[in-house]
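Participant: Input: one structure, supplied below.
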Amino acid sequence: MRQNRHMLLPEPLVLDTPRLTLRPYTSGDLAAVHGFASDRRLTEYVEWGPNTLQDSRDFLAACRAEEQQDPRRAYTFALTVPDGGAGVRSGPFGSVGLTVDGAGAGEVGYVLAAERWGQGYATEAAAAVVGFGFTVLDLDRITATCRPGNTASSRVLEKTGMVLEARLPAHKLIRGRREDSLLYAISPS
């Protein structure tokens, strides 16, 4: 049944929250993506970046390619806010994604432009994708990881309803060093 649900998804796949529109990336998003993905503050705790312009182009190409997968295994959304009620969407200021394994589990991840930190957008976006994973994709479990020093990301995951399950020693290679991760998880209620 999971695969059939993937086939029934509308294109383009858009998720709306009270303050955000999560939409597919387009080639026109390159400048905005590169603007946040090249910021060292964003990439301190992740294994990628800061992006070169080519890295940002490759990211957008990968997003378009994942939309063509059958069955689809990854959903990456551009975080945008509606412009002043005019119906036009703003350029993206972050990403939220869900990768599924085909056996009922998924992993969520997100990144947000530094000037948007502390406004609740990461929590709102992550919660929307978790809800999408459970209600639309019928997942049994969703996980996320973050580095122990990234307390802001830990708070986002906790506000999303995830529970800390484990510390994973030397889990990620980040700029030449093996770093621990905190594993958070949630199951449908």
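Chain lettering (A, B, ...) mirrors the order of the structure tokens, residue numbering begins at 1 for each chain separately, and ligand numbering begins at 1 in order of display.
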Leaving out Glu67 (chain A) and any residue of its chain fewer than 5 positions from it, which residues lie within 10 Å of it when counting only C-alpha atoms, given as a VMD selection string?
Facilitator: chain A and resid 11 to 13 24 62 72 to 76
Participant: Going by DSSP on the backbone, which bits of region 32-91 of chain A are helix (DSSP H, G or I)? Write them as a ChimeraX atom specification, please.
Facilitator: /A:32-37,53-66
Participant: Output C-alpha atoms for every residue in the selection just made, as a JSON list (two decimals), in the first residue's frame.
Facilitator:
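Output (result_1.json):
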[["chain", "number", "residue", "atom", "x", "y", "z"],
["A", 32, "ALA", "CA", 18.46, 31.97, -2.84],
["A", 33, "VAL", "CA", 19.77, 28.45, -2.20],
["A", 34, "HIS", "CA", 23.34, 29.54, -2.66],
["A", 35, "GLY", "CA", 22.70, 32.50, -0.37],
["A", 36, "PHE", "CA", 21.91, 30.29, 2.62],
["A", 37, "ALA", "CA", 23.88, 27.14, 1.72],
["A", 53, "LEU", "CA", 27.98, 27.78, -6.57],
["A", 54, "GLN", "CA", 28.41, 24.40, -8.29],
["A", 55, "ASP", "CA", 27.43, 22.59, -5.06],
["A", 56, "SER", "CA", 24.20, 24.62, -5.01],
["A", 57, "ARG", "CA", 23.53, 23.78, -8.68],
["A", 58, "ASP", "CA", 24.15, 20.09, -7.92],
["A", 59, "PHE", "CA", 21.75, 20.25, -4.96],
["A", 60, "LEU", "CA", 18.97, 21.64, -7.16],
["A", 61, "ALA", "CA", 19.64, 18.99, -9.81],
["A", 62, "ALA", "CA", 19.44, 16.28, -7.13],
["A", 63, "CYS", "CA", 16.11, 17.68, -5.91],
["A", 64, "ARG", "CA", 14.68, 17.53, -9.44],
["A", 65, "ALA", "CA", 16.02, 13.99, -9.90],
["A", 66, "GLU", "CA", 14.43, 12.73, -6.68]]
Participant: Pick out each residue of region 11-114 of chain A that DSSP on the backbone tags as strand (DSSP E or B); I need them as an mmCIF file with all heavy atoms, in the first residue's frame.
Facilitator:
data_model
loop_
_atom_site.group_PDB
_atom_site.id
_atom_site.type_symbol
_atom_site.label_atom_id
_atom_site.label_comp_id
_atom_site.auth_asym_id
_atom_site.auth_seq_id
_atom_site.Cartn_x
_atom_site.Cartn_y
_atom_site.Cartn_z
ATOM 1 N N LEU A 15 3.199 21.609 0.574
ATOM 2 C CA LEU A 15 2.638 21.525 1.920
ATOM 3 C C LEU A 15 2.518 22.941 2.463
ATOM 4 O O LEU A 15 3.474 23.713 2.407
ATOM 5 C CB LEU A 15 3.545 20.706 2.844
ATOM 6 C CG LEU A 15 3.935 19.296 2.405
ATOM 7 C CD1 LEU A 15 4.885 18.669 3.423
ATOM 8 C CD2 LEU A 15 2.697 18.434 2.217
ATOM 9 N N ASP A 16 1.339 23.277 2.978
ATOM 10 C CA ASP A 16 1.128 24.589 3.571
ATOM 11 C C ASP A 16 0.964 24.444 5.072
ATOM 12 O O ASP A 16 0.303 23.517 5.549
ATOM 13 C CB ASP A 16 -0.119 25.263 2.980
ATOM 14 C CG ASP A 16 0.107 25.728 1.562
ATOM 15 O OD1 ASP A 16 1.073 26.487 1.336
ATOM 16 O OD2 ASP A 16 -0.678 25.334 0.670
ATOM 17 N N THR A 21 4.949 27.940 3.135
ATOM 18 C CA THR A 21 4.630 27.072 2.015
ATOM 19 C C THR A 21 5.888 26.281 1.720
ATOM 20 O O THR A 21 6.956 26.854 1.472
ATOM 21 C CB THR A 21 4.196 27.874 0.771
ATOM 22 O OG1 THR A 21 2.977 28.561 1.083
ATOM 23 C CG2 THR A 21 3.973 26.958 -0.421
ATOM 24 N N LEU A 22 5.782 24.955 1.796
ATOM 25 C CA LEU A 22 6.880 24.047 1.475
ATOM 26 C C LEU A 22 6.611 23.541 0.070
ATOM 27 O O LEU A 22 5.587 22.889 -0.169
ATOM 28 C CB LEU A 22 6.925 22.882 2.465
ATOM 29 C CG LEU A 22 7.502 23.165 3.852
ATOM 30 C CD1 LEU A 22 6.763 24.257 4.589
ATOM 31 C CD2 LEU A 22 7.514 21.898 4.670
ATOM 32 N N ARG A 23 7.502 23.869 -0.845
ATOM 33 C CA ARG A 23 7.268 23.566 -2.262
ATOM 34 C C ARG A 23 8.515 22.950 -2.872
ATOM 35 O O ARG A 23 9.607 23.040 -2.316
ATOM 36 C CB ARG A 23 6.884 24.843 -3.003
ATOM 37 C CG ARG A 23 7.999 25.898 -2.989
ATOM 38 C CD ARG A 23 7.792 26.910 -4.090
ATOM 39 N NE ARG A 23 8.712 28.013 -4.056
ATOM 40 C CZ ARG A 23 9.967 27.985 -4.533
ATOM 41 N NH1 ARG A 23 10.467 26.884 -5.051
ATOM 42 N NH2 ARG A 23 10.724 29.072 -4.484
ATOM 43 N N ALA A 74 12.771 10.243 -1.664
ATOM 44 C CA ALA A 74 13.191 11.481 -1.015
ATOM 45 C C ALA A 74 12.267 12.619 -1.425
ATOM 46 O O ALA A 74 11.827 12.698 -2.571
ATOM 47 C CB ALA A 74 14.637 11.806 -1.380
ATOM 48 N N TYR A 75 11.986 13.469 -0.454
ATOM 49 C CA TYR A 75 11.133 14.635 -0.637
ATOM 50 C C TYR A 75 11.871 15.822 -0.032
ATOM 51 O O TYR A 75 12.043 15.884 1.192
ATOM 52 C CB TYR A 75 9.793 14.448 0.076
ATOM 53 C CG TYR A 75 9.036 13.243 -0.412
ATOM 54 C CD1 TYR A 75 9.318 11.972 0.097
ATOM 55 C CD2 TYR A 75 8.063 13.358 -1.398
ATOM 56 C CE1 TYR A 75 8.643 10.853 -0.357
ATOM 57 C CE2 TYR A 75 7.381 12.244 -1.863
ATOM 58 C CZ TYR A 75 7.671 10.993 -1.335
ATOM 59 O OH TYR A 75 7.003 9.880 -1.794
ATOM 60 N N THR A 76 12.317 16.736 -0.860
ATOM 61 C CA THR A 76 13.011 17.920 -0.371
ATOM 62 C C THR A 76 12.178 19.134 -0.738
ATOM 63 O O THR A 76 11.824 19.323 -1.905
ATOM 64 C CB THR A 76 14.420 18.039 -0.980
ATOM 65 O OG1 THR A 76 15.152 16.854 -0.674
ATOM 66 C CG2 THR A 76 15.156 19.244 -0.417
ATOM 67 N N PHE A 77 11.872 19.932 0.268
ATOM 68 C CA PHE A 77 11.010 21.088 0.088
ATOM 69 C C PHE A 77 11.777 22.379 0.336
ATOM 70 O O PHE A 77 12.570 22.473 1.273
ATOM 71 C CB PHE A 77 9.837 21.042 1.075
ATOM 72 C CG PHE A 77 8.927 19.865 0.898
ATOM 73 C CD1 PHE A 77 9.115 18.719 1.647
ATOM 74 C CD2 PHE A 77 7.872 19.914 -0.001
ATOM 75 C CE1 PHE A 77 8.278 17.623 1.508
ATOM 76 C CE2 PHE A 77 7.024 18.824 -0.149
ATOM 77 C CZ PHE A 77 7.221 17.675 0.603
ATOM 78 N N ALA A 78 11.485 23.374 -0.481
ATOM 79 C CA ALA A 78 11.982 24.734 -0.266
ATOM 80 C C ALA A 78 11.053 25.409 0.731
ATOM 81 O O ALA A 78 9.827 25.339 0.595
ATOM 82 C CB ALA A 78 11.976 25.500 -1.584
ATOM 83 N N LEU A 79 11.618 26.060 1.739
ATOM 84 C CA LEU A 79 10.833 26.799 2.717
ATOM 85 C C LEU A 79 10.611 28.209 2.200
ATOM 86 O O LEU A 79 11.570 28.937 1.916
ATOM 87 C CB LEU A 79 11.563 26.883 4.058
ATOM 88 C CG LEU A 79 11.409 25.715 5.023
ATOM 89 C CD1 LEU A 79 11.906 24.429 4.441
ATOM 90 C CD2 LEU A 79 12.102 26.028 6.320
ATOM 91 N N THR A 80 9.354 28.588 2.070
ATOM 92 C CA THR A 80 9.003 29.927 1.619
ATOM 93 C C THR A 80 7.867 30.456 2.486
ATOM 94 O O THR A 80 7.181 29.698 3.168
ATOM 95 C CB THR A 80 8.555 29.937 0.138
ATOM 96 O OG1 THR A 80 7.351 29.186 -0.001
ATOM 97 C CG2 THR A 80 9.626 29.357 -0.773
ATOM 98 N N PRO A 82 4.405 33.103 2.171
ATOM 99 C CA PRO A 82 3.599 33.854 1.199
ATOM 100 C C PRO A 82 3.936 35.335 1.280
ATOM 101 O O PRO A 82 4.145 35.869 2.365
ATOM 102 C CB PRO A 82 2.157 33.590 1.636
ATOM 103 C CG PRO A 82 2.228 32.382 2.511
ATOM 104 C CD PRO A 82 3.590 32.398 3.146
ATOM 105 N N ARG A 89 4.748 33.635 -4.039
ATOM 106 C CA ARG A 89 5.572 33.049 -2.982
ATOM 107 C C ARG A 89 6.953 33.689 -2.961
ATOM 108 O O ARG A 89 7.499 34.056 -3.992
ATOM 109 C CB ARG A 89 5.723 31.533 -3.182
ATOM 110 C CG ARG A 89 4.419 30.784 -3.298
ATOM 111 C CD ARG A 89 3.613 30.899 -2.046
ATOM 112 N NE ARG A 89 2.358 30.159 -2.203
ATOM 113 C CZ ARG A 89 1.358 30.253 -1.387
ATOM 114 N NH1 ARG A 89 1.418 31.048 -0.357
ATOM 115 N NH2 ARG A 89 0.269 29.564 -1.578
ATOM 116 N N GLY A 94 15.379 28.197 3.194
ATOM 117 C CA GLY A 94 15.797 26.973 3.862
ATOM 118 C C GLY A 94 15.215 25.762 3.166
ATOM 119 O O GLY A 94 14.484 25.888 2.175
ATOM 120 N N SER A 95 15.566 24.601 3.708
ATOM 121 C CA SER A 95 15.111 23.323 3.172
ATOM 122 C C SER A 95 14.655 22.423 4.301
ATOM 123 O O SER A 95 15.193 22.491 5.409
ATOM 124 C CB SER A 95 16.260 22.581 2.467
ATOM 125 O OG SER A 95 16.628 23.210 1.291
ATOM 126 N N VAL A 96 13.710 21.580 3.991
ATOM 127 C CA VAL A 96 13.328 20.490 4.892
ATOM 128 C C VAL A 96 13.105 19.279 4.005
ATOM 129 O O VAL A 96 12.554 19.389 2.907
ATOM 130 C CB VAL A 96 12.082 20.833 5.740
ATOM 131 C CG1 VAL A 96 10.860 21.088 4.886
ATOM 132 C CG2 VAL A 96 11.813 19.743 6.775
ATOM 133 N N GLY A 97 13.596 18.142 4.449
ATOM 134 C CA GLY A 97 13.485 16.953 3.629
ATOM 135 C C GLY A 97 13.127 15.726 4.426
ATOM 136 O O GLY A 97 13.323 15.670 5.645
ATOM 137 N N LEU A 98 12.593 14.749 3.721
ATOM 138 C CA LEU A 98 12.254 13.457 4.293
ATOM 139 C C LEU A 98 12.744 12.389 3.329
ATOM 140 O O LEU A 98 12.378 12.395 2.154
ATOM 141 C CB LEU A 98 10.740 13.339 4.492
ATOM 142 C CG LEU A 98 10.220 12.024 5.061
ATOM 143 C CD1 LEU A 98 10.687 11.837 6.508
ATOM 144 C CD2 LEU A 98 8.696 11.981 4.993
ATOM 145 N N THR A 99 13.588 11.501 3.835
ATOM 146 C CA THR A 99 14.071 10.370 3.060
ATOM 147 C C THR A 99 13.415 9.122 3.615
ATOM 148 O O THR A 99 13.415 8.905 4.832
ATOM 149 C CB THR A 99 15.605 10.245 3.171
ATOM 150 O OG1 THR A 99 16.188 11.481 2.761
ATOM 151 C CG2 THR A 99 16.133 9.126 2.289
ATOM 152 N N VAL A 100 12.833 8.291 2.746
ATOM 153 C CA VAL A 100 12.146 7.074 3.189
ATOM 154 C C VAL A 100 12.911 5.850 2.717
ATOM 155 O O VAL A 100 13.578 5.875 1.681
ATOM 156 C CB VAL A 100 10.682 7.045 2.703
ATOM 157 C CG1 VAL A 100 9.888 8.179 3.311
ATOM 158 C CG2 VAL A 100 10.590 7.103 1.195
ATOM 159 N N ALA A 105 10.001 3.445 7.283
ATOM 160 C CA ALA A 105 10.739 4.396 8.116
ATOM 161 C C ALA A 105 11.214 5.565 7.267
ATOM 162 O O ALA A 105 11.428 5.441 6.063
ATOM 163 C CB ALA A 105 11.919 3.714 8.788
ATOM 164 N N GLY A 106 11.422 6.698 7.919
ATOM 165 C CA GLY A 106 11.913 7.883 7.243
ATOM 166 C C GLY A 106 12.861 8.651 8.138
ATOM 167 O O GLY A 106 12.911 8.432 9.354
ATOM 168 N N GLU A 107 13.611 9.546 7.519
ATOM 169 C CA GLU A 107 14.516 10.418 8.258
ATOM 170 C C GLU A 107 14.295 11.847 7.787
ATOM 171 O O GLU A 107 14.279 12.114 6.589
ATOM 172 C CB GLU A 107 15.971 10.021 8.044
ATOM 173 C CG GLU A 107 16.929 10.882 8.840
ATOM 174 C CD GLU A 107 18.376 10.434 8.735
ATOM 175 O OE1 GLU A 107 18.694 9.564 7.910
ATOM 176 O OE2 GLU A 107 19.196 10.990 9.499
ATOM 177 N N VAL A 108 14.123 12.758 8.741
ATOM 178 C CA VAL A 108 13.888 14.154 8.430
ATOM 179 C C VAL A 108 15.163 14.956 8.687
ATOM 180 O O VAL A 108 15.965 14.612 9.553
ATOM 181 C CB VAL A 108 12.690 14.716 9.249
ATOM 182 C CG1 VAL A 108 13.002 14.833 10.717
ATOM 183 C CG2 VAL A 108 12.213 16.040 8.702
ATOM 184 N N GLY A 109 15.339 16.003 7.883
ATOM 185 C CA GLY A 109 16.454 16.920 8.062
ATOM 186 C C GLY A 109 16.038 18.297 7.588
ATOM 187 O O GLY A 109 15.097 18.433 6.797
ATOM 188 N N TYR A 110 16.727 19.318 8.072
ATOM 189 C CA TYR A 110 16.353 20.682 7.720
ATOM 190 C C TYR A 110 17.550 21.602 7.862
ATOM 191 O O TYR A 110 18.518 21.303 8.577
ATOM 192 C CB TYR A 110 15.206 21.187 8.611
ATOM 193 C CG TYR A 110 15.441 20.906 10.071
ATOM 194 C CD1 TYR A 110 16.190 21.752 10.870
ATOM 195 C CD2 TYR A 110 14.943 19.739 10.642
ATOM 196 C CE1 TYR A 110 16.439 21.466 12.191
ATOM 197 C CE2 TYR A 110 15.187 19.436 11.967
ATOM 198 C CZ TYR A 110 15.934 20.308 12.736
ATOM 199 O OH TYR A 110 16.197 19.998 14.043
ATOM 200 N N VAL A 111 17.476 22.714 7.177
ATOM 201 C CA VAL A 111 18.465 23.788 7.282
ATOM 202 C C VAL A 111 17.714 25.091 7.028
ATOM 203 O O VAL A 111 16.771 25.127 6.225
ATOM 204 C CB VAL A 111 19.641 23.587 6.295
ATOM 205 C CG1 VAL A 111 19.185 23.653 4.858
ATOM 206 C CG2 VAL A 111 20.747 24.572 6.568
ATOM 207 N N LEU A 112 18.112 26.116 7.749
ATOM 208 C CA LEU A 112 17.386 27.376 7.698
ATOM 209 C C LEU A 112 18.380 28.532 7.661
ATOM 210 O O LEU A 112 19.366 28.516 8.401
ATOM 211 C CB LEU A 112 16.518 27.468 8.961
ATOM 212 C CG LEU A 112 15.478 28.548 9.062
ATOM 213 C CD1 LEU A 112 14.333 28.275 8.096
ATOM 214 C CD2 LEU A 112 14.938 28.583 10.491
#
Participant: So, with only C-alpha atoms as the atoms that count, which of A:Leu42, A:Val130, A:Pro71, A:Ala166 lies closest to Ser153 (chain A)?
Facilitator: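 Ranked by minimum distance to Ser153 (chain A), first place goes to A:Leu42.
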Participant: So, with only C-alpha atoms as the atoms that count, which of A:Gly102, A:Gly176, A:Gly118, A:Pro92 lies closest to Ser27 (chain A)?
Facilitator: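 Of A:Gly102, A:Gly176, A:Gly118, A:Pro92, the one nearest Ser27 (chain A) is A:Pro92, counting only C-alpha atoms.
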Participant: Considering only C-alpha atoms, state which residue in the set A:Met162, A:Val81, A:Asn51, A:Val46 is at the smallest distance from Pro148 (chain A).
Facilitator: A:Val46
Participant: Using only C-alpha atoms for the distances, tell me which of A:Pro10, A:Gly28, A:Pro188, A:Pro169 is nearest to Arg141 (chain A).
Facilitator: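 Using only C-alpha atoms, Arg141 (chain A) sits closest to A:Pro188.
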Participant: For Leu157 (chain A), which residue out of A:Ala170, A:Leu137, A:Ala114, A:Val129 is the nearest one, using only C-alpha atoms?
Facilitator: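 Of all the options, A:Val129 lies closest to Leu157 (chain A).
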Participant: Could you tell me which of A:Thr17, A:Thr43, A:Thr26, A:Thr160 comes closest to Ala126 (chain A) if we count only C-alpha atoms?
Facilitator: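 Looking only at the distances to Ala126 (chain A), the closest residue turns out to be A:Thr160.
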